[in-house]
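Please read the structure below before turning to the comments.
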Amino acid sequence: MIEEVIVSKQNPVIGLATGSTPIGAYNELVDRYKRKQLDFSKVTSFNLDEYYGLDPSNHQSYRYFMDSNLFNHINISKEKTHVPNGLVNNPNGYGREYDELIEEHGGIDIQLLGIGRNGHIAFNEPADELRLSTHLVDLTEDTIEANSRFFESKEEVPTKAITMGMGTILKAKKIVLMAEGEQKAKIMADLISKDQISTKLPASFLRLHRDFTIVLDSKAAKYL
Ligand code: F6R
């Protein structure tokens with residue numbers, strides 16, 4: 001689906017995620033580039049989120065993740081890759097600018113998403129209300145716990161992040177959510193089998209989107 005967007009658009013804009021889930025897709029994109037099947041020279045990218053307070057050179061930052069898992073291995077120009085800046089002083093003003101920049105590029109053609117085991121997308125965590133625009137967010141205990149596997153200790157996991165909002169994500173023309181492994185089975189069953197949307201399950205709002213695809217492995221589809 002990503003390849004289809006890249007080959008069919010003049011100036012393709014792709015929305016990218018970090019975490020374990022998209023690594024296989026990124027390896028596949030790198031392989032297709034190496035086989036000369038895919039050209040990224042016209043591609044612009046926007047990432048979903050970044051830890052607040054982490055320098056881009058920090059090995060735990062999402063900028064570092066994207067460079068080392070994808071951007072360094074393909075012919076995308078780095079100036080066309082956008083990952084929220086985790087060091088800004090005014091994150092909410094910055095968030096509005098990030099959303100405007102996406103719009104100036106004509107919007108996101110395809111947005112890749114993972115899902116938290118608590119139902120978060122990007123870092124829009126379950127809550128009474130969800131934010132529309134890119135903003136600063138406090139991570140939940142569950143997310144800090146889940147992400148501690150990438151850090152030496154749980155105490156090192158940043159407690160805040162800058163994340164695209166629900167409106168930013170839902171404006172993407174096409175959305176693909178991927179989930180794998182048994183730890184995602186329960187949330188995927190909730191998301192797919194309930195005829196409901198709820199701010200307590202942020203991913204459920206994706207079901208309002210006209211072009212939304214879910215890709216699961218058999219373990220994540222265990223209860224379906
Ligand atoms: C990452 C992101 C998160 C992850 C989610 C799943 O940019 O926004 O929402 O997609 O936490 O993470 P993994 O894939 O590591 O299970």
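Following the order of the structure tokens, chains are lettered A, B, ..., residues in each are numbered from 1, and ligands are numbered from 1.
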>> If we count only C-alpha atoms and set the cut-off at 8 Å, which residues sit around segment 13-26 of chain A, ignoring sequence neighbours fewer than 2 positions away in its own chain? Please answer as an MDAnalysis selection string.
In response: chainID A and resid 2 11 28:30 43:49 62 65:66 69:70 105:114 122 178:180
>> Residues near Thr140 of chain A, anyone? I mean within 9 Å using only C-alpha atoms, not counting same-chain ones fewer than 3 positions away, as a VMD selection string.
In response: chain A and resid 125 to 126 143 to 145 159
> Using only C-alpha atoms and all ligand atoms, which of A:Gly116, A:Gly95, A:Pro12, A:Gly53 sits nearest ligand 1?
Replying inline: A:Gly116
> Counting only C-alpha atoms, which of A:Lys186, A:Ser153, A:Ile192, A:His209 gets nearest to Tyr223 of chain A?
Replying inline: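 Nearest candidate to Tyr223 of chain A out of A:Lys186, A:Ser153, A:Ile192, A:His209: A:Lys186.
Taking only C-alpha atoms, the non-local environment of segment 90-93 of chain A within 8 Å (same-chain residues fewer than 5 positions away omitted) comprises Thr134, His135, Leu136 and Ile162 of chain A.
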> So, counting only C-alpha atoms, which residue among A:Thr163, A:Ser193, A:Gln10, A:Asn124 is closest to Asn85 of chain A?
Replying inline: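 Among A:Thr163, A:Ser193, A:Gln10, A:Asn124, it is A:Thr163 that comes nearest to Asn85 of chain A.
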>> as a PyMOL selection string, please: every residue in segment 4-177 of chain A that a backbone DSSP assignment puts in helix (DSSP H, G or I).
In response: chain A and resi 4-8+23-34+62-69+71-73+78-80+91-104+141-150+154-156+166-170
Hey, can you spit out that residue selection with C-alpha atoms as a PDB file, in the first residue's frame?
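Output saved as selection_21.pdb:
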ATOM      1  CA  GLU A   4       1.229   2.177  -4.382  1.00  0.00           C
ATOM      2  CA  VAL A   5       1.085   5.698  -2.888  1.00  0.00           C
ATOM      3  CA  ILE A   6       4.744   6.398  -3.680  1.00  0.00           C
ATOM      4  CA  VAL A   7       4.508   5.349  -7.322  1.00  0.00           C
ATOM      5  CA  SER A   8       1.135   6.942  -8.041  1.00  0.00           C
ATOM      6  CA  ILE A  23      10.158  -2.491  11.630  1.00  0.00           C
ATOM      7  CA  GLY A  24       9.257  -5.341   9.239  1.00  0.00           C
ATOM      8  CA  ALA A  25       7.558  -2.878   6.886  1.00  0.00           C
ATOM      9  CA  TYR A  26      10.598  -0.569   7.000  1.00  0.00           C
ATOM     10  CA  ASN A  27      12.951  -3.486   6.235  1.00  0.00           C
ATOM     11  CA  GLU A  28      10.748  -4.328   3.268  1.00  0.00           C
ATOM     12  CA  LEU A  29      10.827  -0.706   2.010  1.00  0.00           C
ATOM     13  CA  VAL A  30      14.644  -0.710   2.301  1.00  0.00           C
ATOM     14  CA  ASP A  31      14.799  -4.003   0.355  1.00  0.00           C
ATOM     15  CA  ARG A  32      12.586  -2.620  -2.397  1.00  0.00           C
ATOM     16  CA  TYR A  33      14.788   0.486  -2.605  1.00  0.00           C
ATOM     17  CA  LYS A  34      17.913  -1.699  -2.870  1.00  0.00           C
ATOM     18  CA  TYR A  62      12.227   8.580  17.619  1.00  0.00           C
ATOM     19  CA  ARG A  63      14.301  10.691  15.208  1.00  0.00           C
ATOM     20  CA  TYR A  64      17.228   8.349  15.869  1.00  0.00           C
ATOM     21  CA  PHE A  65      14.932   5.329  15.422  1.00  0.00           C
ATOM     22  CA  MET A  66      13.681   6.575  12.043  1.00  0.00           C
ATOM     23  CA  ASP A  67      17.152   7.452  10.777  1.00  0.00           C
ATOM     24  CA  SER A  68      18.622   4.113  11.765  1.00  0.00           C
ATOM     25  CA  ASN A  69      15.683   1.902  10.716  1.00  0.00           C
ATOM     26  CA  PHE A  71      15.934   7.060   6.409  1.00  0.00           C
ATOM     27  CA  ASN A  72      19.673   6.248   6.413  1.00  0.00           C
ATOM     28  CA  HIS A  73      19.081   3.308   4.068  1.00  0.00           C
ATOM     29  CA  LYS A  78      16.535  14.257   5.245  1.00  0.00           C
ATOM     30  CA  GLU A  79      15.032  17.768   4.905  1.00  0.00           C
ATOM     31  CA  LYS A  80      11.823  16.120   3.732  1.00  0.00           C
ATOM     32  CA  PRO A  91       5.024  22.500  22.425  1.00  0.00           C
ATOM     33  CA  ASN A  92       1.417  23.496  21.784  1.00  0.00           C
ATOM     34  CA  GLY A  93       2.298  26.413  19.476  1.00  0.00           C
ATOM     35  CA  TYR A  94       4.773  24.067  17.835  1.00  0.00           C
ATOM     36  CA  GLY A  95       2.055  21.433  17.476  1.00  0.00           C
ATOM     37  CA  ARG A  96      -0.123  23.843  15.496  1.00  0.00           C
ATOM     38  CA  GLU A  97       2.844  24.621  13.222  1.00  0.00           C
ATOM     39  CA  TYR A  98       3.443  20.882  12.688  1.00  0.00           C
ATOM     40  CA  ASP A  99      -0.187  20.390  11.645  1.00  0.00           C
ATOM     41  CA  GLU A 100       0.002  23.422   9.334  1.00  0.00           C
ATOM     42  CA  LEU A 101       3.145  22.050   7.715  1.00  0.00           C
ATOM     43  CA  ILE A 102       1.324  18.788   6.965  1.00  0.00           C
ATOM     44  CA  GLU A 103      -1.519  20.755   5.356  1.00  0.00           C
ATOM     45  CA  GLU A 104       0.950  22.863   3.325  1.00  0.00           C
ATOM     46  CA  GLU A 141       1.861   4.286  33.428  1.00  0.00           C
ATOM     47  CA  ASP A 142       0.950   1.431  31.051  1.00  0.00           C
ATOM     48  CA  THR A 143       2.735   3.082  28.110  1.00  0.00           C
ATOM     49  CA  ILE A 144       5.808   3.920  30.215  1.00  0.00           C
ATOM     50  CA  GLU A 145       5.871   0.290  31.356  1.00  0.00           C
ATOM     51  CA  ALA A 146       5.472  -1.054  27.780  1.00  0.00           C
ATOM     52  CA  ASN A 147       8.182   1.262  26.408  1.00  0.00           C
ATOM     53  CA  SER A 148      10.661   0.559  29.219  1.00  0.00           C
ATOM     54  CA  ARG A 149      11.887  -2.450  27.196  1.00  0.00           C
ATOM     55  CA  PHE A 150      13.817   0.007  25.014  1.00  0.00           C
ATOM     56  CA  LYS A 154      11.751   2.293  33.688  1.00  0.00           C
ATOM     57  CA  GLU A 155      12.951   5.499  35.395  1.00  0.00           C
ATOM     58  CA  GLU A 156      14.721   6.507  32.183  1.00  0.00           C
ATOM     59  CA  MET A 166      -6.723  12.567  16.754  1.00  0.00           C
ATOM     60  CA  GLY A 167      -7.735  15.205  14.187  1.00  0.00           C
ATOM     61  CA  THR A 168      -4.258  15.243  12.660  1.00  0.00           C
ATOM     62  CA  ILE A 169      -4.351  11.458  12.253  1.00  0.00           C
ATOM     63  CA  LEU A 170      -7.924  11.246  10.975  1.00  0.00           C
TER      64      LEU A 170
END
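Atom CA of Thr81 of chain A sits 27.9 Å away from atom CA of Arg207 of chain A.
One distance worth recording is that between atom 16 (O, counted along the ligand's line) of ligand 1 and atom CA of Ala220 of chain A, which is 11.2 Å.
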>> I need the residue nearest ligand 1 from this list: A:Ala221, A:Gly181, A:Ser41, A:Lys9. Use only C-alpha atoms and all ligand atoms for the distance.
In response: A:Gly181
> Near Ile187 of chain A, counting only C-alpha atoms, which residues have an atom at most 9 Å away, once you skip same-chain residues fewer than 2 positions from it, shown as a list in words?
Replying inline: Ile115, Gly116, Arg117, Asn118, Gly119, Gln183, Lys184, Ala185, Ala189, Asp190, Leu191, Ile192, Leu201 and Ala220 of chain A
> Between A:Ile76, A:Leu177, A:Val83, A:Ile121, which one has atoms that come closest to ligand 1, using only C-alpha atoms and all ligand atoms?
Replying inline: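 Checking each of A:Ile76, A:Leu177, A:Val83, A:Ile121 against ligand 1, counting only C-alpha atoms and all ligand atoms, the winner is A:Ile121.
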> When you draw a straight line from atom 11 (O, counted along the ligand's line) of ligand 1 to atom CA of Ser77 of chain A, how long is it in Å?
Replying inline: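 If I compute the distance from atom 11 (O, counted along the ligand's line) of ligand 1 to atom CA of Ser77 of chain A, I get 26.5 Å.
If only C-alpha atoms and all ligand atoms are the atoms counted, then among A:Lys174, A:Lys194, A:Arg210, A:His120 the closest residue to ligand 1 is A:His120.
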